[in-house]
file protein.cif (mmCIF, C-alpha atoms and all ligand atoms)
data_entry
loop_
_atom_site.label_atom_id
_atom_site.label_comp_id
_atom_site.auth_asym_id
_atom_site.auth_seq_id
_atom_site.Cartn_x
_atom_site.Cartn_y
_atom_site.Cartn_z
CA MET M 1 -66.83 -10.30 9.33
CA ASN M 2 -65.52 -9.67 5.83
CA GLU M 3 -64.21 -12.97 4.45
CA THR M 4 -61.98 -11.42 1.79
CA GLN M 5 -60.28 -9.07 4.23
CA PRO M 6 -56.84 -10.27 5.37
CA LEU M 7 -56.76 -11.59 8.90
CA LEU M 8 -53.38 -9.99 9.52
CA LEU M 9 -52.02 -6.99 7.63
CA LEU M 10 -48.68 -5.31 8.23
CA GLU M 11 -48.18 -2.06 6.31
CA ASN M 12 -44.73 -0.46 6.11
CA VAL M 13 -43.94 -1.44 9.66
CA ARG M 14 -40.83 -0.06 11.30
CA VAL M 15 -39.65 -1.20 14.74
CA GLY M 16 -36.47 -0.19 16.51
CA TYR M 17 -34.82 -0.31 19.91
CA PRO M 18 -33.49 2.71 21.78
CA ARG M 19 -29.74 3.16 21.33
CA LEU M 20 -27.70 2.42 24.43
CA ASP M 21 -26.22 5.95 24.39
CA GLY M 22 -29.77 7.31 24.48
CA ARG M 23 -29.45 8.95 21.06
CA GLY M 24 -32.46 7.91 19.04
CA TRP M 25 -33.35 4.50 17.73
CA MET M 26 -31.55 1.56 16.23
CA PRO M 27 -33.73 0.38 13.34
CA ILE M 28 -34.37 -3.38 13.49
CA VAL M 29 -37.35 -3.97 11.19
CA GLU M 30 -37.85 -1.61 8.24
CA ASP M 31 -40.72 -1.07 5.83
CA LEU M 32 -42.19 -4.51 6.40
CA SER M 33 -45.49 -5.29 4.69
CA LEU M 34 -47.32 -8.58 4.56
CA SER M 35 -50.83 -9.93 4.37
CA LEU M 36 -52.13 -13.19 5.78
CA ALA M 37 -55.50 -14.71 4.84
CA ARG M 38 -57.61 -16.67 7.31
CA GLY M 39 -56.40 -20.29 7.51
CA ASP M 40 -52.99 -19.52 5.99
CA ILE M 41 -49.71 -20.64 7.47
CA ALA M 42 -46.89 -18.23 6.68
CA CYS M 43 -43.28 -18.15 7.70
CA LEU M 44 -40.63 -15.46 8.02
CA LEU M 45 -37.31 -17.07 7.24
CA GLY M 46 -33.99 -15.38 7.88
CA PRO M 47 -30.66 -15.68 9.67
CA SER M 48 -30.35 -15.13 13.39
CA GLY M 49 -30.51 -11.46 14.37
CA CYS M 50 -32.47 -10.27 11.32
CA GLY M 51 -35.45 -9.16 13.45
CA LYS M 52 -37.84 -12.14 13.35
CA SER M 53 -38.67 -12.28 17.06
CA THR M 54 -39.03 -8.49 17.10
CA ILE M 55 -41.73 -8.73 14.42
CA LEU M 56 -43.67 -11.35 16.41
CA ARG M 57 -43.46 -9.22 19.54
CA ALA M 58 -44.78 -6.24 17.58
CA ILE M 59 -47.73 -8.31 16.31
CA CYS M 60 -48.47 -9.52 19.87
CA GLY M 61 -48.35 -5.96 21.14
CA PHE M 62 -45.14 -6.20 23.20
CA GLU M 63 -43.20 -3.77 20.97
CA ALA M 64 -44.39 -0.36 19.74
CA LEU M 65 -44.16 0.70 16.09
CA GLN M 66 -42.24 3.76 14.94
CA GLU M 67 -43.96 3.79 11.58
CA GLY M 68 -46.62 1.92 9.67
CA GLN M 69 -49.51 -0.06 11.10
CA ILE M 70 -50.68 -3.56 11.99
CA LYS M 71 -54.30 -4.57 11.41
CA LEU M 72 -56.06 -7.64 12.75
CA ASN M 73 -59.43 -8.38 11.13
CA GLY M 74 -59.36 -4.94 9.54
CA LYS M 75 -58.89 -3.12 12.84
CA ILE M 76 -55.71 -1.17 13.61
CA VAL M 77 -54.03 -2.69 16.68
CA SER M 78 -50.62 -1.01 16.32
CA SER M 79 -49.42 2.25 14.77
CA SER M 80 -47.14 5.06 15.88
CA SER M 81 -50.06 6.37 17.97
CA ILE M 82 -52.20 3.28 18.72
CA GLN M 83 -51.18 0.30 20.86
CA VAL M 84 -53.95 -2.17 21.71
CA ALA M 85 -53.00 -4.25 24.78
CA PRO M 86 -51.68 -7.77 24.05
CA ASN M 87 -54.51 -9.53 25.89
CA LEU M 88 -57.12 -7.76 23.74
CA ARG M 89 -55.63 -8.86 20.40
CA ARG M 90 -56.78 -12.51 20.25
CA VAL M 91 -53.27 -13.56 19.29
CA GLY M 92 -51.64 -16.68 20.77
CA MET M 93 -47.90 -17.09 21.04
CA VAL M 94 -45.71 -20.18 21.25
CA PHE M 95 -42.33 -19.08 22.52
CA GLN M 96 -38.99 -20.46 21.40
CA ASP M 97 -38.39 -22.27 24.73
CA PHE M 98 -42.14 -23.14 25.09
CA ALA M 99 -42.26 -21.24 28.43
CA LEU M 100 -44.50 -23.82 30.16
CA PHE M 101 -45.28 -23.22 33.83
CA PRO M 102 -43.13 -25.83 35.63
CA HIS M 103 -45.28 -25.97 38.77
CA LEU M 104 -48.53 -26.60 36.85
CA ASN M 105 -49.46 -29.95 35.35
CA VAL M 106 -50.14 -30.31 31.64
CA LEU M 107 -53.89 -29.73 31.87
CA ASP M 108 -53.47 -26.65 34.06
CA ASN M 109 -50.92 -25.27 31.60
CA VAL M 110 -53.36 -25.73 28.72
CA VAL M 111 -56.33 -24.09 30.51
CA PHE M 112 -54.25 -21.19 31.80
CA GLY M 113 -55.76 -18.70 29.36
CA LEU M 114 -59.35 -19.83 30.00
CA ARG M 115 -60.00 -17.96 33.26
CA ALA M 116 -63.29 -16.61 31.96
CA LEU M 117 -64.84 -20.10 31.74
CA ALA M 118 -66.45 -22.11 34.56
CA VAL M 119 -64.12 -24.72 36.09
CA SER M 120 -65.89 -27.73 34.56
CA LYS M 121 -65.95 -26.10 31.14
CA ARG M 122 -62.25 -25.25 31.38
CA ARG M 123 -61.45 -28.87 32.07
CA GLU M 124 -63.59 -30.04 29.16
CA VAL M 125 -61.96 -27.59 26.70
CA GLY M 126 -58.46 -28.37 28.01
CA LEU M 127 -58.94 -32.14 27.66
CA ALA M 128 -60.34 -31.68 24.15
CA TRP M 129 -57.17 -29.78 23.14
CA LEU M 130 -54.94 -32.40 24.72
CA GLU M 131 -56.85 -34.97 22.67
CA ARG M 132 -56.17 -33.00 19.49
CA VAL M 133 -52.43 -32.89 20.14
CA SER M 134 -52.45 -36.60 21.18
CA LEU M 135 -51.54 -35.95 24.83
CA ALA M 136 -54.79 -36.84 26.63
CA ASP M 137 -52.95 -39.43 28.73
CA LYS M 138 -50.47 -36.79 29.99
CA ALA M 139 -53.01 -34.39 31.52
CA GLN M 140 -51.68 -34.92 35.07
CA ALA M 141 -47.98 -35.02 34.13
CA TYR M 142 -45.62 -32.11 34.84
CA PRO M 143 -43.61 -30.42 32.07
CA HIS M 144 -40.28 -31.89 33.24
CA GLU M 145 -41.74 -35.39 32.78
CA LEU M 146 -42.34 -34.79 29.08
CA SER M 147 -40.05 -35.03 26.05
CA GLY M 148 -39.21 -31.89 24.10
CA GLY M 149 -41.70 -32.79 21.39
CA GLN M 150 -44.46 -33.36 23.98
CA GLN M 151 -43.69 -30.06 25.72
CA GLN M 152 -43.99 -28.34 22.40
CA ARG M 153 -47.43 -29.83 21.78
CA VAL M 154 -48.52 -28.66 25.26
CA ALA M 155 -47.34 -25.15 24.39
CA LEU M 156 -49.27 -25.33 21.13
CA ALA M 157 -52.43 -26.58 22.88
CA ARG M 158 -52.10 -23.80 25.48
CA ALA M 159 -51.81 -21.17 22.75
CA MET M 160 -54.78 -22.59 20.79
CA ALA M 161 -57.17 -23.31 23.69
CA PRO M 162 -58.53 -19.73 23.94
CA GLU M 163 -59.19 -19.96 20.17
CA PRO M 164 -57.19 -16.92 19.13
CA ASP M 165 -57.58 -15.56 15.59
CA LEU M 166 -53.87 -15.93 15.00
CA ILE M 167 -51.08 -18.11 16.40
CA LEU M 168 -47.47 -16.90 16.36
CA LEU M 169 -44.65 -19.43 16.64
CA ASP M 170 -41.08 -18.40 17.37
CA GLU M 171 -38.55 -20.97 16.09
CA PRO M 172 -40.88 -23.75 17.26
CA PHE M 173 -38.46 -26.61 16.65
CA SER M 174 -35.09 -25.08 17.46
CA SER M 175 -34.72 -26.76 20.86
CA LEU M 176 -35.66 -30.21 19.54
CA ASP M 177 -33.49 -33.01 18.15
CA ILE M 178 -32.84 -32.67 14.47
CA ASP M 179 -34.41 -36.03 13.54
CA LEU M 180 -37.61 -35.08 15.38
CA ARG M 181 -38.01 -31.76 13.63
CA GLU M 182 -39.22 -32.90 10.27
CA ARG M 183 -41.81 -35.27 11.69
CA LEU M 184 -43.05 -32.69 14.21
CA ALA M 185 -43.22 -29.97 11.58
CA THR M 186 -45.53 -32.13 9.45
CA GLU M 187 -47.53 -33.06 12.55
CA MET M 188 -47.88 -29.41 13.58
CA ARG M 189 -49.01 -28.43 10.10
CA ASP M 190 -51.72 -31.11 10.29
CA ILE M 191 -52.89 -29.84 13.71
CA LEU M 192 -53.01 -26.21 12.52
CA LYS M 193 -54.73 -27.05 9.23
CA SER M 194 -57.30 -29.43 10.70
CA ASN M 195 -58.29 -26.79 13.26
CA ASP M 196 -58.31 -24.05 10.60
CA VAL M 197 -55.84 -21.96 12.56
CA THR M 198 -54.07 -19.00 10.95
CA ALA M 199 -50.40 -19.02 11.90
CA LEU M 200 -47.23 -17.04 11.40
CA LEU M 201 -43.99 -18.71 12.35
CA VAL M 202 -40.44 -17.46 12.24
CA THR M 203 -37.36 -19.61 11.81
CA HIS M 204 -33.83 -19.61 10.46
CA ASP M 205 -34.29 -23.20 9.24
CA GLN M 206 -35.50 -23.53 5.66
CA PHE M 207 -36.62 -27.14 6.11
CA GLU M 208 -39.00 -26.10 8.89
CA ALA M 209 -40.28 -23.30 6.70
CA PHE M 210 -40.79 -25.65 3.75
CA ALA M 211 -42.49 -28.33 5.86
CA LEU M 212 -44.97 -25.95 7.48
CA ALA M 213 -45.72 -22.87 5.44
CA ASP M 214 -48.00 -22.00 2.52
CA HIS M 215 -46.08 -18.74 2.05
CA ILE M 216 -42.57 -17.77 3.05
CA GLY M 217 -41.06 -14.31 3.42
CA VAL M 218 -37.28 -14.30 3.27
CA MET M 219 -35.74 -11.69 5.57
CA SER M 220 -32.40 -9.95 5.45
CA GLN M 221 -31.40 -7.39 8.08
CA GLY M 222 -34.92 -6.33 8.94
CA HIS M 223 -36.17 -6.22 5.34
CA MET M 224 -38.31 -8.72 3.51
CA VAL M 225 -36.55 -9.57 0.26
CA GLN M 226 -39.00 -12.10 -1.25
CA TRP M 227 -42.49 -13.35 -0.43
CA ASP M 228 -43.49 -16.49 -2.26
CA THR M 229 -44.61 -20.10 -2.08
CA PRO M 230 -41.88 -22.53 -0.96
CA TYR M 231 -41.80 -24.00 -4.49
CA ASP M 232 -41.29 -20.64 -6.20
CA LEU M 233 -38.71 -19.50 -3.67
CA TYR M 234 -36.63 -22.55 -4.47
CA HIS M 235 -37.12 -22.50 -8.22
CA GLU M 236 -37.39 -18.76 -8.87
CA PRO M 237 -35.30 -16.91 -6.31
CA SER M 238 -35.51 -13.22 -7.15
CA SER M 239 -32.06 -12.32 -5.85
CA ARG M 240 -28.64 -13.80 -5.29
CA TYR M 241 -29.22 -13.54 -1.54
CA VAL M 242 -32.32 -15.75 -1.69
CA ALA M 243 -30.66 -18.19 -4.12
CA ASP M 244 -27.77 -18.50 -1.68
CA PHE M 245 -29.88 -18.78 1.44
CA ILE M 246 -32.31 -21.39 0.09
CA GLY M 247 -30.98 -24.77 -1.02
CA ARG M 248 -27.48 -25.77 -2.07
CA GLY M 249 -25.92 -24.56 -5.26
CA VAL M 250 -23.15 -22.63 -7.00
CA PHE M 251 -23.06 -19.73 -9.45
CA VAL M 252 -21.22 -20.37 -12.71
CA PRO M 253 -20.38 -17.77 -15.35
CA GLY M 254 -22.41 -17.76 -18.58
CA THR M 255 -23.04 -15.67 -21.68
CA ILE M 256 -26.45 -15.01 -23.21
CA GLN M 257 -26.71 -16.36 -26.79
CA ASP M 258 -29.20 -16.25 -29.65
CA GLY M 259 -32.48 -18.08 -29.31
CA ALA M 260 -32.84 -17.32 -25.61
CA THR M 261 -30.08 -19.65 -24.48
CA VAL M 262 -27.16 -19.21 -22.12
CA GLU M 263 -23.76 -20.78 -22.76
CA ILE M 264 -21.93 -22.12 -19.71
CA GLU M 265 -18.83 -24.27 -19.52
CA LEU M 266 -20.96 -27.42 -19.35
CA GLY M 267 -23.08 -26.62 -22.41
CA ARG M 268 -26.03 -24.56 -23.49
CA LEU M 269 -29.20 -24.05 -21.43
CA GLN M 270 -32.59 -22.88 -22.65
CA LEU M 271 -33.92 -19.78 -20.89
CA ASP M 272 -37.54 -18.95 -20.17
CA ASN M 273 -39.44 -16.93 -22.76
CA ASP M 274 -39.59 -13.94 -20.46
CA HIS M 275 -35.80 -13.57 -20.37
CA HIS M 276 -34.72 -10.30 -21.95
CA ASP M 277 -30.96 -9.82 -21.47
CA PRO M 278 -29.32 -8.89 -24.81
CA VAL M 279 -27.04 -11.38 -26.60
CA GLY M 280 -23.51 -11.21 -25.20
CA THR M 281 -24.56 -10.28 -21.66
CA VAL M 282 -22.37 -11.98 -19.07
CA VAL M 283 -24.41 -13.52 -16.24
CA ASP M 284 -24.11 -15.88 -13.30
CA VAL M 285 -26.15 -19.05 -13.68
CA LEU M 286 -27.45 -20.82 -10.58
CA LEU M 287 -26.73 -24.55 -10.64
CA ARG M 288 -28.39 -26.33 -7.74
CA ALA M 289 -27.20 -29.61 -6.30
CA ASP M 290 -30.24 -31.27 -7.88
CA ASP M 291 -29.44 -29.79 -11.31
CA ILE M 292 -26.26 -31.88 -11.60
CA GLN M 293 -26.88 -35.59 -12.08
CA HIS M 294 -24.34 -38.34 -11.68
CA ASP M 295 -24.27 -40.64 -14.70
CA ASP M 296 -21.55 -43.31 -15.07
CA THR M 297 -22.03 -43.30 -18.86
CA SER M 298 -21.60 -39.54 -19.35
CA PRO M 299 -18.40 -38.40 -21.10
CA LEU M 300 -18.37 -35.23 -18.98
CA LEU M 301 -16.12 -35.97 -15.99
CA ALA M 302 -15.57 -34.21 -12.68
CA THR M 303 -13.35 -35.02 -9.70
CA VAL M 304 -14.84 -35.67 -6.25
CA VAL M 305 -13.16 -33.11 -3.99
CA ARG M 306 -15.49 -33.26 -0.98
CA LYS M 307 -18.39 -35.45 0.13
CA THR M 308 -20.93 -35.33 2.94
CA PHE M 309 -23.01 -38.39 3.76
CA ARG M 310 -26.67 -37.43 4.25
CA GLY M 311 -28.26 -40.86 4.55
CA ALA M 312 -30.22 -41.34 1.35
CA ASP M 313 -27.66 -39.38 -0.65
CA PHE M 314 -24.26 -37.73 -0.64
CA LEU M 315 -23.64 -34.06 -1.22
CA TYR M 316 -20.60 -34.17 -3.50
CA THR M 317 -18.44 -31.19 -4.39
CA LEU M 318 -17.19 -31.92 -7.91
CA ARG M 319 -14.36 -30.11 -9.68
CA LEU M 320 -14.18 -29.76 -13.45
CA ASP M 321 -10.78 -29.76 -15.20
CA SER M 322 -11.14 -25.98 -15.58
CA GLY M 323 -11.20 -25.66 -11.79
CA LEU M 324 -14.91 -24.83 -11.61
CA ASP M 325 -16.61 -26.42 -8.58
CA LEU M 326 -20.16 -27.81 -8.69
CA VAL M 327 -22.31 -29.45 -6.02
CA ALA M 328 -24.50 -32.49 -6.61
CA TYR M 329 -26.79 -34.78 -4.65
CA VAL M 330 -25.93 -38.36 -5.55
CA PRO M 331 -27.79 -41.46 -4.30
CA SER M 332 -25.71 -42.94 -1.50
CA HIS M 333 -25.11 -46.30 -3.17
CA HIS M 334 -22.81 -44.34 -5.53
CA ASP M 335 -20.06 -44.17 -2.91
CA HIS M 336 -17.11 -42.73 -4.85
CA ALA M 337 -13.73 -41.97 -3.32
CA LEU M 338 -12.24 -38.51 -2.96
CA GLY M 339 -10.08 -37.82 -6.03
CA GLU M 340 -12.09 -40.18 -8.25
CA LYS M 341 -13.45 -38.88 -11.58
CA ILE M 342 -17.15 -39.50 -12.10
CA GLY M 343 -19.51 -38.85 -15.02
CA ILE M 344 -22.06 -36.04 -14.68
CA ARG M 345 -24.68 -34.38 -16.80
CA LEU M 346 -26.88 -31.33 -16.52
CA GLY M 347 -30.53 -31.75 -15.66
CA VAL M 348 -31.59 -28.14 -15.24
CA ASP M 349 -35.33 -27.71 -15.38
CA HIS M 350 -35.62 -23.99 -14.82
CA VAL M 351 -32.62 -21.73 -15.48
CA VAL M 352 -32.03 -18.90 -13.01
CA THR M 353 -29.54 -16.16 -13.96
CA PHE M 354 -28.34 -13.02 -12.21
CA PRO M 355 -26.49 -10.05 -13.71
CA LYS M 356 -22.73 -10.35 -13.19
P1 LIG T 401 -34.06 -12.81 15.36
O1 LIG T 401 -35.26 -13.28 16.09
O2 LIG T 401 -34.23 -12.76 13.88
O3 LIG T 401 -32.81 -13.59 15.73
P2 LIG T 401 -34.36 -10.43 17.00
O4 LIG T 401 -35.63 -9.81 16.59
O5 LIG T 401 -34.34 -11.20 18.27
O6 LIG T 401 -33.76 -11.28 15.78
O7 LIG T 401 -33.24 -9.30 17.13
C1 LIG T 401 -32.90 -8.42 16.07
C2 LIG T 401 -31.84 -7.45 16.54
O8 LIG T 401 -32.33 -6.64 17.57
C3 LIG T 401 -30.59 -8.12 17.10
O9 LIG T 401 -29.47 -7.42 16.66
C4 LIG T 401 -30.76 -8.00 18.60
O10 LIG T 401 -29.51 -7.94 19.23
C5 LIG T 401 -31.51 -6.69 18.74
N1 LIG T 401 -32.40 -6.68 19.92
C6 LIG T 401 -33.33 -7.62 20.22
N2 LIG T 401 -34.02 -7.28 21.34
C7 LIG T 401 -33.50 -6.10 21.76
C8 LIG T 401 -33.80 -5.21 22.85
N3 LIG T 401 -34.75 -5.49 23.74
N4 LIG T 401 -33.04 -4.08 22.95
C9 LIG T 401 -32.07 -3.79 22.06
N5 LIG T 401 -31.76 -4.57 21.00
C10 LIG T 401 -32.45 -5.72 20.85
MG MG T 402 -35.48 -14.87 17.43
#
call {"tool": "encode", "arguments": {"input": "protein.cif", "output": "structure tokens"}}
result
Amino acid sequence: MNETQPLLLLENVRVGYPRLDGRGWMPIVEDLSLSLARGDIACLLGPSGCGKSTILRAICGFEALQEGQIKLNGKIVSSSSIQVAPNLRRVGMVFQDFALFPHLNVLDNVVFGLRALAVSKRREVGLAWLERVSLADKAQAYPHELSGGQQQRVALARAMAPEPDLILLDEPFSSLDIDLRERLATEMRDILKSNDVTALLVTHDQFEAFALADHIGVMSQGHMVQWDTPYDLYHEPSSRYVADFIGRGVFVPGTIQDGATVEIELGRLQLDNDHHDPVGTVVDVLLRADDIQHDDTSPLLATVVRKTFRGADFLYTLRLDSGLDLVAYVPSHHDHALGEKIGIRLGVDHVVTFPK
């Protein structure tokens, strides 16, 4: 096996569904390309309906391609003329609702895909996987006796037990309580990484994507609009759409000035060296909620017009005298009343601008 060859490669993939009136196809996923190295965890992140589940079904072999191709380990498994059967792809899937078999106990669920092994060996492998997902004591329990988080780990163990080359996860945390999600996402990343599993997950939740993935592809209406590390997606969104979708922030008007700076109502910001808009260009500057800092001693004042308690901090919406609204995360011991004026200052580390 060639170690430098991507484990999963999608090249210009197009998938559609037949139109209800029978006239041709409704395009769902268009011109999608991506490459996943062995051991990587990647995520496709996009709003509901943008085609995420369709992509996973195409990789599994449940949907045919209209154009492009999918390669696993360098071998074409899907194209407009080739369609390798799902069970021959060595791809494991964890479905959105886990899809455990209700009439089988936990161990029997986990060993379901191990028919080829002798009974004693199946049991040994199944128990080893239950150990790895910390559920060895639940081997004889039935799915309905487990919590959502435990069911999810059973689904993960079941998908991993046949040792597929690739695991696909469809919105793996969407049916779980919100306070469980972050912990389970970290836990799942540890399980995948310590077993050197290559995984592709899809979700509409950026926190899940950030907690799990090495690389994230942001999707919009069947297209991938940016593929990057979580850090670069947040700090260097390549489009207004991505800037809007990831994190909290506002766009404020600015004008490019001499010396690679941009003038906004709140002052002047230094641009990166690779910024090339001519002086006088009017742009929108992204100000994230973590770019605005509350400072009681600052002479720059803004009125609290909205606040959301988030535990460790508040998300404040702050209005300047000009009417411009900003958002800011403020530590929650700074509990200011609506209508109060509070001091703020800019703490922008990396300035992101978009043409007006
Ligand atoms: P996501 O997982 O991002 O929410 P899906 O891939 O499930 O999106 O669906 C993308 C679009 O395709 C949606 O508009 C959905 O209604 C449509 N769709 C999904 N499955 C089918 C199908 N079997 N037949 C026709 N349209 C479908
Ligand atoms: Mg879906």
call {"tool": "atom_distance", "arguments": {"input": "protein.cif", "atom1": "atom CA of M:Ala141", "atom2": "atom CA of M:Arg122"}}
result
17.5 Å
call {"tool": "closest_residue", "arguments": {"input": "protein.cif", "among": "M:Ser53, M:Thr229, M:Ser78, M:Thr203", "to": "ligand MG 402 (chain T)", "atoms": "all atoms listed in the file"}}
result
M:Ser53
call {"tool": "residues_near_ligand", "arguments": {"input": "protein.cif", "ligand": "ligand MG 402 (chain T)", "cutoff": "12 Å", "atoms": "all atoms listed in the file", "output": "PDB file with C-alpha atoms, in the frame of the given file"}}
result
ATOM      1  CA  LEU M  44     -40.630 -15.460   8.020  1.00  0.00           C
ATOM      2  CA  LEU M  45     -37.310 -17.070   7.240  1.00  0.00           C
ATOM      3  CA  GLY M  46     -33.990 -15.380   7.880  1.00  0.00           C
ATOM      4  CA  PRO M  47     -30.660 -15.680   9.670  1.00  0.00           C
ATOM      5  CA  SER M  48     -30.350 -15.130  13.390  1.00  0.00           C
ATOM      6  CA  GLY M  49     -30.510 -11.460  14.370  1.00  0.00           C
ATOM      7  CA  CYS M  50     -32.470 -10.270  11.320  1.00  0.00           C
ATOM      8  CA  GLY M  51     -35.450  -9.160  13.450  1.00  0.00           C
ATOM      9  CA  LYS M  52     -37.840 -12.140  13.350  1.00  0.00           C
ATOM     10  CA  SER M  53     -38.670 -12.280  17.060  1.00  0.00           C
ATOM     11  CA  THR M  54     -39.030  -8.490  17.100  1.00  0.00           C
ATOM     12  CA  ILE M  55     -41.730  -8.730  14.420  1.00  0.00           C
ATOM     13  CA  LEU M  56     -43.670 -11.350  16.410  1.00  0.00           C
ATOM     14  CA  ARG M  57     -43.460  -9.220  19.540  1.00  0.00           C
ATOM     15  CA  PHE M  95     -42.330 -19.080  22.520  1.00  0.00           C
ATOM     16  CA  GLN M  96     -38.990 -20.460  21.400  1.00  0.00           C
ATOM     17  CA  ASP M  97     -38.390 -22.270  24.730  1.00  0.00           C
ATOM     18  CA  LEU M 169     -44.650 -19.430  16.640  1.00  0.00           C
ATOM     19  CA  ASP M 170     -41.080 -18.400  17.370  1.00  0.00           C
ATOM     20  CA  GLU M 171     -38.550 -20.970  16.090  1.00  0.00           C
ATOM     21  CA  PRO M 172     -40.880 -23.750  17.260  1.00  0.00           C
ATOM     22  CA  SER M 174     -35.090 -25.080  17.460  1.00  0.00           C
ATOM     23  CA  LEU M 201     -43.990 -18.710  12.350  1.00  0.00           C
ATOM     24  CA  VAL M 202     -40.440 -17.460  12.240  1.00  0.00           C
ATOM     25  CA  THR M 203     -37.360 -19.610  11.810  1.00  0.00           C
ATOM     26  CA  HIS M 204     -33.830 -19.610  10.460  1.00  0.00           C
ATOM     27  CA  ASP M 205     -34.290 -23.200   9.240  1.00  0.00           C
TER      28      ASP M 205
END
call {"tool": "closest_residue", "arguments": {"input": "protein.cif", "among": "M:Ala159, M:Ile256, M:Met224, M:Val125", "to": "M:Val29", "atoms": "all atoms listed in the file"}}
result
M:Met224
call {"tool": "closest_residue", "arguments": {"input": "protein.cif", "among": "M:Arg268, M:Lys356, M:Arg115, M:Arg132", "to": "M:Ala157", "atoms": "all atoms listed in the file"}}
result
M:Arg132
call {"tool": "residues_around", "arguments": {"input": "protein.cif", "residues": "M:Glu340", "least_positions_apart": "4", "cutoff": "8 Å", "atoms": "all atoms listed in the file", "output": "VMD selection string"}}
result
chain M and resid 303 to 304 336
call {"tool": "closest_residue", "arguments": {"input": "protein.cif", "among": "M:Leu100, M:Val218, M:Ala139, M:Ile191", "to": "ligand LIG 401 (chain T)", "atoms": "all atoms listed in the file"}}
result
M:Val218
call {"tool": "atom_distance", "arguments": {"input": "protein.cif", "atom1": "atom CA of M:Lys138", "atom2": "atom CA of M:Lys121"}}
result
18.8 Å
call {"tool": "residues_around", "arguments": {"input": "protein.cif", "residues": "M:Asp349", "least_positions_apart": "6", "cutoff": "10 Å", "atoms": "all atoms listed in the file", "output": "JSON, numbers by chain"}}
result
{"M": [235, 269, 270, 271, 290, 291]}
call {"tool": "closest_residue", "arguments": {"input": "protein.cif", "among": "M:Val13, M:Val351, M:Ile28, M:Ala128", "to": "ligand LIG 401 (chain T)", "atoms": "only C-alpha atoms and all ligand atoms"}}
result
M:Ile28
call {"tool": "residues_around", "arguments": {"input": "protein.cif", "residues": "M:Leu301", "least_positions_apart": "5", "cutoff": "10 Å", "atoms": "only C-alpha atoms", "output": "list in words"}}
result
His294, Asp295, Asp296, Leu318, Arg319, Leu320, Asp321, Glu340, Lys341, Ile342, Gly343, Ile344 and Arg345 of chain M
call {"tool": "residues_around", "arguments": {"input": "protein.cif", "residues": "M:Thr353", "least_positions_apart": "3", "cutoff": "12 Å", "atoms": "all atoms listed in the file", "output": "ChimeraX atom specification"}}
result
/M:235-240,243,250-256,261-264,269-272,275-277,281-288,350,356
call {"tool": "closest_residue", "arguments": {"input": "protein.cif", "among": "M:Glu131, M:Glu145, M:Asp40, M:Asp165", "to": "M:Leu104", "atoms": "only C-alpha atoms"}}
result
M:Glu145
call {"tool": "residues_around", "arguments": {"input": "protein.cif", "residues": "M:Tyr316", "least_positions_apart": "3", "cutoff": "10 Å", "atoms": "all atoms listed in the file", "output": "VMD selection string"}}
result
chain M and resid 289 294 303 to 309 313 319 326 to 330 336 338
call {"tool": "build_atoms", "arguments": {"input": "protein.cif", "residues": "stretch 329-336 of chain M", "atoms": "N, CA, C and O atoms", "output": "compact mmCIF listing (two decimals), in the coordinates of the input"}}
result
# COMPACT_ATOMS: atom_id res chain seq x y z
N TYR M 329 -26.27 -33.70 -5.48
CA TYR M 329 -26.79 -34.78 -4.65
C TYR M 329 -26.70 -36.06 -5.46
O TYR M 329 -27.17 -36.12 -6.60
N VAL M 330 -26.11 -37.08 -4.85
CA VAL M 330 -25.93 -38.36 -5.55
C VAL M 330 -26.43 -39.46 -4.63
O VAL M 330 -26.06 -39.49 -3.45
N PRO M 331 -27.28 -40.37 -5.14
CA PRO M 331 -27.79 -41.46 -4.30
C PRO M 331 -26.65 -42.17 -3.59
O PRO M 331 -25.59 -42.40 -4.19
N SER M 332 -26.85 -42.55 -2.33
CA SER M 332 -25.71 -42.94 -1.50
C SER M 332 -25.14 -44.30 -1.85
O SER M 332 -24.07 -44.65 -1.36
N HIS M 333 -25.79 -45.07 -2.74
CA HIS M 333 -25.11 -46.30 -3.17
C HIS M 333 -24.01 -46.00 -4.20
O HIS M 333 -23.23 -46.87 -4.54
N HIS M 334 -23.94 -44.75 -4.69
CA HIS M 334 -22.81 -44.34 -5.53
C HIS M 334 -21.74 -43.73 -4.62
O HIS M 334 -21.58 -42.53 -4.55
N ASP M 335 -21.02 -44.61 -3.92
CA ASP M 335 -20.06 -44.17 -2.91
C ASP M 335 -18.68 -44.05 -3.55
O ASP M 335 -17.88 -44.98 -3.48
N HIS M 336 -18.39 -42.91 -4.16
CA HIS M 336 -17.11 -42.73 -4.85
C HIS M 336 -16.09 -42.11 -3.92
O HIS M 336 -16.43 -41.35 -3.03
